[in-house]
Amino acid sequence: MKIHQLSVTYLAEQDRILVRVNTAAAEEMRLWLTRRLMLGLWPLLSKLLTKHLLMLEAAGSSLDTAGEDLKKMLADFRKEEFLKHADFETPYEENQPQLPLGEQPLLVTDVDASPLPSGRLRLSFNERPPGTEKPRSFQMEMEPKLMQGLMHLLEQALGRSQWAESFALGPTAVEAGPPDDDPAGPSKPRYLN
């Protein structure tokens with residue numbers, strides 16, 4: 001699936017964030033993100049994106065021994081570069097003829113995040129209501145540039161939601177897979193709502 005546009009909007013009457021993903025094939029996926037989900041998801045995505053941006057630097061793995069201030073400075077620089085070239089002015093195309101997940105947005109209860117060797121980040125959004133056998137889900141792979149754009153839009157929505165104050169203090173509920181040095185494969189962070 002090729003992502004064409006993203007839209008992130010805080011809806012006060014729902015007290016939720018609505019994420020809409022518009023594909024090149026004229027499909028639209030709609031996702032609800034709750035405050036509870038974002039309390040754990042935001043720090044996880046921030047950490048993964050920062051780590052990923054540092055891997056893109058020419059120094060690469062030699063940055064593992066660098067100080068946190070240097071790592072933050074390099075990641076911030078890379079983020080600013082991506083945002084300079086991002087298009088936040090083009091209006092979101094509203095009328096997509098196909099809604100593969102249905103008219104109602106997916107109420108995301110957990111997210112799986114997997115950094116891929118290609119440099120992309122795979123995000124799997126799942127809706128697992130109690131008492132249902134087959135959850136609804138949606139998966140997308142994003143280049144670092146697009147991921148940074150999504151993080152920027154989420155940050156703006158968090159500002160409008162007035163949830164942001166609790167994000168600096170909130171605990172991160174992450175369920176990790178096997179350690180990175182485990183032969184079974186790299187860890188796969190997961191946030192459960």
# chains A, B, ... in the order shown; residues from 1 in each chain; ligands from 1
>>> residues_around(residues="Glu155 of chain A", least_positions_apart="5", cutoff="12 Å", atoms="only C-alpha atoms", output="NGL selection string")
:A and (8-10 or 17 or 38 or 42-43 or 45-46 or 148-150 or 160-165 or 167)
>>> atom_distance(atom1="atom CA of Arg78 of chain A", atom2="atom CA of Ser118 of chain A")
18.0 Å
>>> residues_around(residues="Leu121 of chain A", least_positions_apart="5", cutoff="7 Å", atoms="only C-alpha atoms", output="PyMOL selection string")
chain A and resi 113-116+141-143
>>> closest_residue(among="A:Leu37, A:Leu70, A:Met147, A:Leu44", to="Thr109 of chain A", atoms="only C-alpha atoms")
A:Leu37
>>> atom_distance(atom1="atom CA of Phe125 of chain A", atom2="atom CA of Asp15 of chain A")
19.0 Å
>>> closest_residue(among="A:Thr50, A:Thr90, A:Thr132, A:Asn95", to="Met73 of chain A", atoms="only C-alpha atoms")
A:Thr50
>>> select_by_dssp(residues="segment 110-164 of chain A", states="helix (DSSP H, G or I)", output="list of chain:residue names")
A:Pro144, A:Lys145, A:Leu146, A:Met147, A:Gln148, A:Gly149, A:Leu150, A:Met151, A:His152, A:Leu153, A:Leu154, A:Glu155, A:Gln156, A:Ala157, A:Leu158, A:Gly159, A:Arg160, A:Ser161, A:Ala164
>>> residues_around(residues="Ser7 of chain A", least_positions_apart="5", cutoff="10 Å", atoms="only C-alpha atoms", output="MDAnalysis selection string")
chainID A and resid 18:22 30 88 91:94 150 153:154
>>> closest_residue(among="A:Arg36, A:Gln96, A:His52, A:Leu146", to="Val108 of chain A", atoms="only C-alpha atoms")
A:Arg36
>>> select_by_dssp(residues="segment 40-155 of chain A", states="strand (DSSP E)", output="list in words")
Leu106, Leu107, Asp110, Val111, Asp112, Ala113, Ser114, Pro115, Leu121, Arg122, Leu123, Ser124, Phe125, Asn126, Glu127, Arg136, Ser137, Phe138, Gln139, Met140, Glu141 and Met142 of chain A
>>> atom_distance(atom1="atom CA of Asp112 of chain A", atom2="atom CA of Ser124 of chain A")
5.0 Å
>>> residues_around(residues="Thr23 of chain A", least_positions_apart="4", cutoff="10 Å", atoms="only C-alpha atoms", output="count of residues only")
11
